[in-house]
$ cat data-v9.cif   # mmCIF, C-alpha atoms
data_work
loop_
_atom_site.label_atom_id
_atom_site.label_comp_id
_atom_site.auth_asym_id
_atom_site.auth_seq_id
_atom_site.Cartn_x
_atom_site.Cartn_y
_atom_site.Cartn_z
CA MET Y 179 68.18 -153.90 42.17
CA PRO Y 180 70.31 -156.78 43.48
CA GLU Y 181 73.40 -156.05 41.39
CA ILE Y 182 73.91 -152.69 43.11
CA ASN Y 183 75.26 -154.40 46.24
CA GLN Y 184 78.25 -155.84 44.44
CA PHE Y 185 79.94 -152.41 44.26
CA LYS Y 186 81.84 -151.95 47.54
CA GLY Y 187 84.92 -150.17 48.77
CA GLU Y 188 86.58 -147.90 46.23
CA VAL Y 189 84.81 -149.32 43.17
CA TRP Y 190 81.43 -147.79 44.01
CA PRO Y 191 82.48 -144.11 44.49
CA ARG Y 192 84.81 -144.27 41.49
CA LYS Y 193 82.04 -145.50 39.20
CA VAL Y 194 79.56 -142.96 40.61
CA ALA Y 195 81.98 -140.08 40.05
CA LYS Y 196 82.66 -141.20 36.48
CA LYS Y 197 78.94 -141.44 35.75
CA LEU Y 198 78.13 -138.04 37.23
CA LEU Y 199 81.05 -136.19 35.63
CA GLY Y 200 80.49 -137.80 32.24
CA LYS Y 201 76.83 -136.78 31.86
CA PRO Y 202 75.93 -133.17 30.96
CA PHE Y 203 73.00 -131.83 32.93
CA CYS Y 204 71.72 -129.80 29.99
CA THR Y 205 72.57 -129.96 26.30
CA ASN Y 206 71.61 -128.72 22.86
CA SER Y 207 72.36 -132.18 21.47
CA VAL Y 208 68.91 -133.51 20.74
CA ALA Y 209 69.55 -136.68 18.78
CA ASP Y 210 70.11 -140.06 20.34
CA PHE Y 211 67.89 -141.19 17.45
CA PRO Y 212 67.85 -141.07 14.49
CA SER Y 213 71.40 -140.54 13.23
CA LEU Y 214 72.58 -136.96 12.98
CA ASP Y 215 72.11 -137.18 9.20
CA ASP Y 216 68.36 -137.38 9.77
CA PHE Y 217 68.49 -134.00 11.53
CA GLN Y 218 70.29 -132.13 8.76
CA ASP Y 219 67.09 -130.70 7.33
CA LEU Y 220 66.35 -129.08 10.73
CA SER Y 221 68.01 -125.71 11.13
CA PHE Y 222 68.87 -126.03 14.82
CA SER Y 223 71.81 -128.40 14.91
CA THR Y 224 74.12 -125.79 16.46
CA GLU Y 225 73.82 -122.69 18.62
CA GLU Y 226 74.84 -120.50 15.67
CA SER Y 227 72.14 -121.81 13.36
CA VAL Y 228 69.55 -121.48 16.14
CA SER Y 229 70.22 -117.75 16.32
CA SER Y 230 69.65 -117.30 12.61
CA ASN Y 231 66.04 -118.47 12.98
CA ILE Y 232 64.91 -115.52 15.12
CA ILE Y 233 62.17 -113.53 13.38
CA PRO Y 234 62.02 -109.81 14.21
CA CYS Y 235 58.55 -108.86 15.38
CA GLY Y 236 58.34 -105.34 13.95
CA ASP Y 237 54.80 -104.70 12.78
CA GLN Y 238 53.99 -108.39 12.46
CA GLN Y 239 50.90 -109.69 14.20
CA LYS Y 240 50.43 -112.88 16.14
CA VAL Y 241 47.56 -115.23 15.45
CA THR Y 242 46.58 -118.36 17.41
CA ARG Y 243 46.57 -121.76 15.76
CA LYS Y 244 45.43 -125.02 17.34
CA TYR Y 245 47.30 -128.29 16.99
CA LYS Y 246 46.39 -131.79 18.13
CA LEU Y 247 48.90 -133.31 20.54
CA PHE Y 248 49.10 -136.95 21.63
CA ALA Y 249 51.04 -137.72 24.83
CA SER Y 250 51.74 -141.12 26.34
CA THR Y 251 53.84 -142.66 29.09
CA TRP Y 252 54.83 -146.31 29.34
CA ASN Y 253 56.99 -148.20 31.81
CA VAL Y 254 58.17 -151.11 29.68
CA ALA Y 255 59.80 -153.05 32.57
CA GLY Y 256 63.19 -153.39 30.87
CA ILE Y 257 61.73 -155.66 28.19
CA PRO Y 258 63.00 -154.86 24.68
CA PRO Y 259 60.41 -154.73 21.91
CA SER Y 260 60.16 -157.56 19.43
CA ASP Y 261 60.66 -156.73 15.76
CA ASN Y 262 56.95 -157.25 15.10
CA LEU Y 263 55.52 -155.49 18.16
CA ASP Y 264 52.33 -153.76 16.99
CA LEU Y 265 52.14 -150.12 18.19
CA VAL Y 266 49.09 -149.11 16.13
CA ASP Y 267 46.62 -149.37 19.02
CA TRP Y 268 48.94 -147.61 21.45
CA LEU Y 269 49.62 -144.68 19.11
CA ASP Y 270 45.98 -144.52 18.01
CA THR Y 271 46.90 -144.29 14.33
CA ARG Y 272 44.15 -146.49 12.94
CA GLU Y 273 41.37 -143.87 12.99
CA ASN Y 274 42.95 -140.69 14.40
CA SER Y 275 45.84 -138.45 13.47
CA TYR Y 276 47.72 -135.85 15.47
CA ASP Y 277 50.17 -133.07 14.70
CA ILE Y 278 52.56 -133.77 17.59
CA TYR Y 279 53.41 -136.97 19.47
CA VAL Y 280 55.08 -136.80 22.89
CA LEU Y 281 56.21 -140.25 24.04
CA GLY Y 282 57.81 -141.02 27.39
CA PHE Y 283 59.25 -144.33 28.56
CA GLN Y 284 60.57 -145.67 31.83
CA GLU Y 285 62.76 -148.74 32.22
CA VAL Y 286 63.72 -149.07 28.58
CA LEU Y 287 66.66 -150.84 30.20
CA PRO Y 288 66.63 -153.02 33.33
CA LEU Y 289 67.65 -150.89 36.32
CA ASN Y 290 70.68 -152.94 37.31
CA ALA Y 291 74.13 -151.72 38.33
CA LYS Y 292 75.60 -152.19 34.86
CA ASN Y 293 73.02 -149.92 33.26
CA VAL Y 294 72.88 -147.38 36.10
CA LEU Y 295 76.67 -146.95 36.42
CA GLY Y 296 77.92 -148.05 33.02
CA PRO Y 297 78.11 -146.17 29.70
CA GLU Y 298 74.85 -145.09 28.11
CA ASN Y 299 73.26 -147.82 26.00
CA ASN Y 300 70.93 -146.47 23.31
CA THR Y 301 70.43 -149.68 21.37
CA ILE Y 302 67.00 -150.49 22.82
CA SER Y 303 65.72 -146.90 22.70
CA MET Y 304 66.71 -146.74 19.02
CA LYS Y 305 64.70 -149.90 18.42
CA TRP Y 306 61.65 -148.35 20.11
CA ASN Y 307 62.05 -145.22 17.99
CA SER Y 308 62.40 -147.26 14.82
CA LEU Y 309 59.10 -149.02 15.56
CA ILE Y 310 57.45 -145.67 16.37
CA LYS Y 311 58.71 -144.18 13.11
CA THR Y 312 57.35 -147.10 11.11
CA THR Y 313 53.96 -146.91 12.83
CA LEU Y 314 53.54 -143.14 12.49
CA ASN Y 315 54.54 -143.10 8.84
CA LYS Y 316 52.02 -145.65 7.65
CA HIS Y 317 49.05 -144.54 5.52
CA SER Y 318 51.03 -141.82 3.66
CA ASN Y 319 51.75 -139.85 6.83
CA SER Y 320 55.12 -138.19 7.25
CA PHE Y 321 56.49 -137.63 10.77
CA HIS Y 322 59.96 -136.76 11.99
CA CYS Y 323 61.57 -137.21 15.39
CA ILE Y 324 62.76 -133.75 16.47
CA ILE Y 325 64.14 -134.70 19.89
CA SER Y 326 64.95 -138.04 21.49
CA LYS Y 327 67.01 -138.44 24.66
CA GLN Y 328 67.66 -141.13 27.25
CA MET Y 329 69.04 -141.25 30.80
CA VAL Y 330 69.49 -144.86 31.97
CA GLY Y 331 65.92 -146.22 31.67
CA ILE Y 332 64.11 -142.90 31.14
CA MET Y 333 63.57 -141.94 27.53
CA VAL Y 334 61.45 -139.31 25.80
CA SER Y 335 60.95 -138.48 22.14
CA VAL Y 336 58.90 -135.90 20.27
CA TRP Y 337 57.58 -136.41 16.75
CA VAL Y 338 55.96 -133.79 14.50
CA ARG Y 339 54.40 -133.64 11.05
CA ASP Y 340 56.91 -132.76 8.36
CA ASP Y 341 55.25 -129.43 7.58
CA LEU Y 342 55.86 -128.30 11.18
CA LEU Y 343 59.64 -128.90 11.02
CA PRO Y 344 60.55 -125.35 9.89
CA SER Y 345 58.56 -123.96 12.85
CA ILE Y 346 60.46 -125.93 15.52
CA ARG Y 347 63.31 -123.93 17.09
CA HIS Y 348 65.71 -123.86 20.04
CA PRO Y 349 65.58 -127.48 21.22
CA SER Y 350 67.32 -128.23 24.51
CA VAL Y 351 67.47 -131.16 26.93
CA SER Y 352 67.99 -131.31 30.71
CA PHE Y 353 68.73 -134.36 32.87
CA VAL Y 354 68.03 -134.68 36.59
CA GLY Y 355 69.07 -137.82 38.44
CA CYS Y 356 67.24 -138.47 41.72
CA GLY Y 357 68.13 -142.11 42.26
CA ILE Y 358 70.96 -143.72 44.20
CA MET Y 359 72.84 -141.17 46.34
CA GLY Y 360 70.30 -138.58 45.17
CA PHE Y 361 71.96 -138.11 41.79
CA LEU Y 362 72.07 -141.28 39.71
CA GLY Y 363 69.69 -141.78 36.83
CA ASN Y 364 67.78 -144.88 37.88
CA LYS Y 365 65.17 -142.34 39.02
CA GLY Y 366 64.71 -138.75 37.92
CA SER Y 367 63.72 -136.96 34.73
CA VAL Y 368 64.61 -136.14 31.16
CA SER Y 369 63.08 -132.79 30.17
CA LEU Y 370 62.80 -131.25 26.71
CA SER Y 371 62.39 -127.63 25.73
CA PHE Y 372 61.55 -126.23 22.30
CA LEU Y 373 59.61 -123.50 20.55
CA LEU Y 374 56.80 -124.24 18.11
CA HIS Y 375 56.37 -120.99 16.20
CA GLU Y 376 56.40 -118.39 19.04
CA THR Y 377 55.16 -120.65 21.86
CA SER Y 378 57.49 -122.42 24.27
CA PHE Y 379 56.93 -126.07 25.22
CA CYS Y 380 58.42 -128.13 28.04
CA ILE Y 381 58.04 -131.91 28.25
CA VAL Y 382 59.09 -133.57 31.53
CA CYS Y 383 59.39 -137.37 31.52
CA CYS Y 384 59.78 -138.76 35.06
CA HIS Y 385 60.37 -141.91 37.00
CA LEU Y 386 59.87 -141.11 40.69
CA ALA Y 387 60.78 -143.08 43.82
CA SER Y 388 59.13 -146.48 44.18
CA GLY Y 389 57.77 -148.13 47.30
CA GLY Y 390 54.37 -149.10 48.63
CA LYS Y 391 54.96 -148.40 52.33
CA GLU Y 392 53.21 -145.62 54.20
CA GLY Y 393 55.32 -142.50 53.89
CA ASP Y 394 56.98 -143.45 50.59
CA GLU Y 395 54.91 -140.74 48.91
CA ILE Y 396 57.16 -138.20 50.68
CA ASN Y 397 60.11 -139.50 48.64
CA ARG Y 398 58.12 -139.02 45.46
CA ASN Y 399 57.23 -135.46 46.48
CA SER Y 400 60.92 -134.84 47.14
CA ASN Y 401 61.88 -136.18 43.70
CA ALA Y 402 59.35 -133.85 42.05
CA MET Y 403 60.72 -130.88 43.99
CA GLU Y 404 64.27 -131.77 42.93
CA ILE Y 405 63.21 -132.01 39.29
CA PHE Y 406 61.51 -128.62 39.34
CA SER Y 407 64.44 -126.92 41.10
CA ARG Y 408 67.36 -128.58 39.29
CA THR Y 409 66.11 -128.67 35.68
CA ARG Y 410 67.95 -126.06 33.60
CA PHE Y 411 68.00 -125.57 29.85
CA SER Y 412 70.92 -124.08 27.93
CA SER Y 413 70.50 -120.72 26.26
CA GLY Y 414 72.73 -118.55 24.09
CA PRO Y 415 73.91 -115.28 25.64
CA SER Y 416 71.78 -113.18 23.28
CA LEU Y 417 68.62 -115.29 23.44
CA ASP Y 418 65.73 -114.75 25.82
CA LEU Y 419 64.72 -118.40 26.11
CA PRO Y 420 63.08 -120.34 28.97
CA ARG Y 421 65.66 -121.70 31.40
CA LYS Y 422 63.42 -123.45 33.96
CA ILE Y 423 60.37 -125.67 33.66
CA TYR Y 424 57.93 -123.02 34.87
CA ASP Y 425 59.34 -120.44 32.43
CA HIS Y 426 57.55 -122.26 29.59
CA GLU Y 427 54.03 -121.54 28.30
CA ARG Y 428 52.86 -125.11 27.62
CA ILE Y 429 54.10 -127.79 30.04
CA ILE Y 430 53.34 -131.52 30.06
CA LEU Y 431 54.70 -133.88 32.72
CA LEU Y 432 54.31 -137.61 32.23
CA GLY Y 433 55.78 -140.78 33.63
CA ASP Y 434 55.74 -143.50 36.24
CA LEU Y 435 55.12 -141.19 39.19
CA ASN Y 436 54.72 -144.27 41.41
CA TYR Y 437 52.00 -142.85 43.69
CA ARG Y 438 49.92 -145.64 45.23
CA ILE Y 439 46.47 -146.10 46.80
CA SER Y 440 46.40 -145.66 50.58
CA LEU Y 441 44.17 -148.61 51.41
CA PRO Y 442 44.84 -152.17 52.60
CA ASP Y 443 45.80 -154.58 49.83
CA GLU Y 444 42.66 -156.73 49.93
CA GLU Y 445 40.33 -153.74 50.07
CA THR Y 446 42.07 -152.15 47.10
CA ARG Y 447 41.79 -155.33 45.04
CA SER Y 448 38.11 -155.74 45.91
CA LEU Y 449 37.29 -152.15 44.91
CA VAL Y 450 39.25 -152.52 41.66
CA LEU Y 451 37.22 -155.62 40.75
CA GLN Y 452 34.04 -153.62 41.39
CA LYS Y 453 35.41 -150.68 39.34
CA GLU Y 454 34.75 -148.31 42.25
CA TRP Y 455 37.05 -145.64 40.86
CA ASP Y 456 35.59 -142.76 42.89
CA ILE Y 457 36.22 -144.53 46.20
CA LEU Y 458 39.73 -145.55 45.18
CA LEU Y 459 40.65 -142.10 43.86
CA LYS Y 460 39.76 -140.55 47.20
CA LYS Y 461 42.69 -142.58 48.56
CA ASP Y 462 44.98 -141.98 45.58
CA GLN Y 463 48.24 -140.61 46.97
CA LEU Y 464 48.92 -138.16 44.14
CA LYS Y 465 45.50 -136.56 44.38
CA GLY Y 466 45.80 -136.46 48.17
CA GLU Y 467 49.25 -134.85 48.11
CA ILE Y 468 48.06 -132.22 45.60
CA MET Y 469 44.96 -131.49 47.68
CA GLU Y 470 47.10 -131.01 50.79
CA GLY Y 471 49.38 -128.63 48.89
CA ARG Y 472 52.47 -130.79 49.28
CA THR Y 473 53.30 -131.25 45.59
CA PHE Y 474 52.31 -130.32 41.99
CA GLY Y 475 50.48 -127.14 42.97
CA GLY Y 476 48.51 -125.73 40.04
CA TRP Y 477 48.91 -128.82 37.85
CA LYS Y 478 45.90 -130.37 36.10
CA GLU Y 479 45.00 -133.96 35.28
CA GLY Y 480 42.15 -135.40 33.23
CA ASP Y 481 39.44 -137.50 34.84
CA ILE Y 482 40.52 -141.07 35.52
CA ASN Y 483 37.89 -143.52 34.29
CA PHE Y 484 40.12 -146.53 33.73
CA SER Y 485 41.57 -149.37 35.77
CA PRO Y 486 44.84 -148.96 37.69
CA THR Y 487 47.79 -149.43 35.35
CA TYR Y 488 50.15 -151.31 37.71
CA LYS Y 489 51.13 -154.10 38.45
CA TYR Y 490 50.24 -156.95 36.07
CA TYR Y 491 51.69 -160.36 35.40
CA LEU Y 492 53.45 -160.22 32.05
CA ASN Y 493 51.25 -161.11 29.07
CA SER Y 494 48.23 -161.24 31.37
CA ASP Y 495 45.19 -159.28 32.50
CA GLU Y 496 45.73 -160.49 36.08
CA TYR Y 497 47.10 -158.12 38.69
CA TYR Y 498 50.33 -159.20 40.35
CA GLY Y 499 49.93 -161.07 43.63
CA ILE Y 500 46.53 -162.51 42.86
CA VAL Y 501 47.87 -166.02 42.10
CA GLN Y 502 48.28 -168.02 45.30
CA GLY Y 503 51.28 -170.15 46.19
CA ARG Y 504 54.05 -168.40 44.22
CA LYS Y 505 57.11 -168.40 46.49
CA GLY Y 506 59.01 -165.15 46.95
CA GLU Y 507 56.31 -163.11 45.22
CA LYS Y 508 55.67 -159.75 46.86
CA LYS Y 509 52.11 -158.52 46.87
CA ARG Y 510 51.81 -155.20 45.12
CA ALA Y 511 48.34 -153.72 45.22
CA PRO Y 512 47.01 -152.18 41.99
CA ALA Y 513 47.70 -148.46 41.59
CA TRP Y 514 47.54 -145.59 39.10
CA CYS Y 515 51.34 -145.21 38.99
CA ASP Y 516 51.43 -143.91 35.42
CA ARG Y 517 50.12 -140.36 35.01
CA ILE Y 518 50.04 -137.37 32.68
CA LEU Y 519 49.73 -133.82 34.07
CA SER Y 520 49.69 -130.40 32.42
CA TYR Y 521 50.42 -126.86 33.55
CA GLY Y 522 49.61 -123.49 32.07
CA THR Y 523 47.02 -122.12 29.69
CA GLY Y 524 46.44 -123.08 26.08
CA LEU Y 525 46.29 -126.84 26.78
CA ASN Y 526 42.75 -128.15 26.37
CA GLN Y 527 42.72 -131.84 27.29
CA THR Y 528 40.37 -133.86 25.10
CA GLY Y 529 41.08 -137.43 26.25
CA TYR Y 530 42.65 -139.56 28.99
CA ASP Y 531 42.79 -143.34 28.88
CA ARG Y 532 45.00 -146.41 28.97
CA CYS Y 533 46.07 -148.84 26.29
CA GLU Y 534 45.75 -152.61 26.76
CA SER Y 535 49.18 -153.74 25.56
CA LYS Y 536 50.44 -156.67 27.68
CA HIS Y 537 54.10 -156.13 26.82
CA SER Y 538 54.94 -154.94 30.35
CA ASP Y 539 53.72 -155.09 33.95
CA HIS Y 540 52.39 -151.54 33.38
CA ARG Y 541 49.71 -150.43 30.95
CA PRO Y 542 50.49 -147.32 28.86
CA VAL Y 543 48.54 -144.16 29.68
CA ARG Y 544 47.56 -141.66 26.97
CA ALA Y 545 46.29 -138.09 26.92
CA THR Y 546 45.25 -135.91 24.00
CA PHE Y 547 45.18 -132.12 23.85
CA ASN Y 548 44.21 -129.26 21.62
CA VAL Y 549 47.17 -126.93 21.97
CA GLU Y 550 47.10 -123.21 21.24
CA VAL Y 551 50.21 -121.84 19.54
CA GLU Y 552 51.09 -118.24 18.73
CA VAL Y 553 52.17 -117.69 15.11
CA LEU Y 554 53.74 -114.55 13.64
CA MET Y 555 52.05 -113.34 10.48
CA GLY Y 556 53.89 -111.14 7.99
#

$ encode --input "data-v9.cif" --output "structure tokens"
Amino acid sequence: MPEINQFKGEVWPRKVAKKLLGKPFCTNSVADFPSLDDFQDLSFSTEESVSSNIIPCGDQQKVTRKYKLFASTWNVAGIPPSDNLDLVDWLDTRENSYDIYVLGFQEVLPLNAKNVLGPENNTISMKWNSLIKTTLNKHSNSFHCIISKQMVGIMVSVWVRDDLLPSIRHPSVSFVGCGIMGFLGNKGSVSLSFLLHETSFCIVCCHLASGGKEGDEINRNSNAMEIFSRTRFSSGPSLDLPRKIYDHERIILLGDLNYRISLPDEETRSLVLQKEWDILLKKDQLKGEIMEGRTFGGWKEGDINFSPTYKYYLNSDEYYGIVQGRKGEKKRAPAWCDRILSYGTGLNQTGYDRCESKHSDHRPVRATFNVEVEVLMG
């Protein structure tokens, strides 16, 4: 991020302090998009109206319902979407339909000093959400965005079928910055909490520390630890709601986790060309760190049977660094940087793949789940 270096002397700490003090770490404000008018039919705009939705248990019984959930993460490299960008393949709407869509982005804005230290800019995230809304609501479907929030380049939004809207309660958002100075939002997480019927959900959208050098995985582990320890959700004084990530019943974490493959560059590229996924995954840093008990203990991930998702030339199927003779071009070996993990019971993963959009230097990753939800019956 070359522009960061221009802030020296008193300018840098003053801008950092303003950024940190001006950003709430948790909030019940759930709408960067659409406008607040679009949320008026949801009965959780304020703390007071949230409380009125509580259903006394009494003699009521709980039954289990299953819903189909689509989750995806995409680092879009700071490139804004064109007005005609086709999202049908990415969102898998041509032949399949889901009840809930969980969509996480990284680098919706370029990670330069202006965006990291300046006022929040939601223009591009609103454009992404507008395209998502148009795509999901084709073919007589009707979906609403219940939560959408952004911190610098990290953005996450949740969409549900209209008939589920009355069953969504207690939305809350928590921001954790892990970037410059350990607190700024160029790296970190935006986490969402909500109840669907009587079951609590937590969605954690991350962008962890970058770097392909040996030992950089330790910084990523540290970021994850910070996110788990510092994430807090707001709760009314009379409400027994989840406050931390692990207090929730259904948890999905997705994002550019940035873990690399611990092999020499040329060997990695050769094995990728041969599609030797098993050999490469034995050297995958995330799997190795989990196996050694250093991070993400108890988390689950679907089987990876697709090519590494990073790093590509833009608008190309060629991995970055493969073209000879480009001056100043750093070699970045292919890696499965973009991942989706789950934690807890009641999440049955049914799919895990990547989409082939060439919009960015990353390919989007997608996971589908059958989710069990507890419902009170009168």

$ closest_residue --input "data-v9.cif" --among "Y:Ser367, Y:Ser250, Y:Ser388, Y:Thr546" --to "Y:Phe406" --atoms "all atoms listed in the file"
Y:Ser367

$ resolve_selection --input "data-v9.cif" --expression "the PyMOL selection byres ((chain Y and resi 372) around 8)" --output "VMD selection string"
chain Y and resid 346 to 350 370 to 371 373 to 374 378 to 380

$ atom_distance --input "data-v9.cif" --atom1 "atom CA of Y:Lys465" --atom2 "atom CA of Y:Glu404"
19.4 Å

$ resolve_selection --input "data-v9.cif" --expression "the PyMOL selection byres ((chain Y and resi 328) around 8)" --output "ChimeraX atom specification"
/Y:210,300,303,326-327,329-334,368

$ closest_residue --input "data-v9.cif" --among "Y:Ile396, Y:Leu492, Y:Ile429, Y:Cys515" --to "Y:Ser535" --atoms "only C-alpha atoms"
Y:Leu492

$ resolve_selection --input "data-v9.cif" --expression "the PyMOL selection byres ((chain Y and resi 540) around 9)" --output "PyMOL selection string"
chain Y and resi 252-255+487-490+492+515-516+535-539+541-542

$ atom_distance --input "data-v9.cif" --atom1 "atom CA of Y:Ser412" --atom2 "atom CA of Y:Leu431"
19.5 Å

$ closest_residue --input "data-v9.cif" --among "Y:Thr446, Y:Ile324, Y:Lys311, Y:Thr473" --to "Y:Lys460" --atoms "all atoms listed in the file"
Y:Thr446

$ closest_atom_pairs --input "data-v9.cif" --of "stretch 369-424 of chain Y" --to "stretch 276-282 of chain Y" --cutoff "9 Å" --atoms "all atoms listed in the file" --output "CSV"
residue,atom,partner,partner_atom,distance
Y:Ile381,CA,Y:Val280,CA,7.8
Y:Val382,CA,Y:Gly282,CA,8.6
Y:Cys383,CA,Y:Gly282,CA,5.7
Y:Cys384,CA,Y:Gly282,CA,8.2
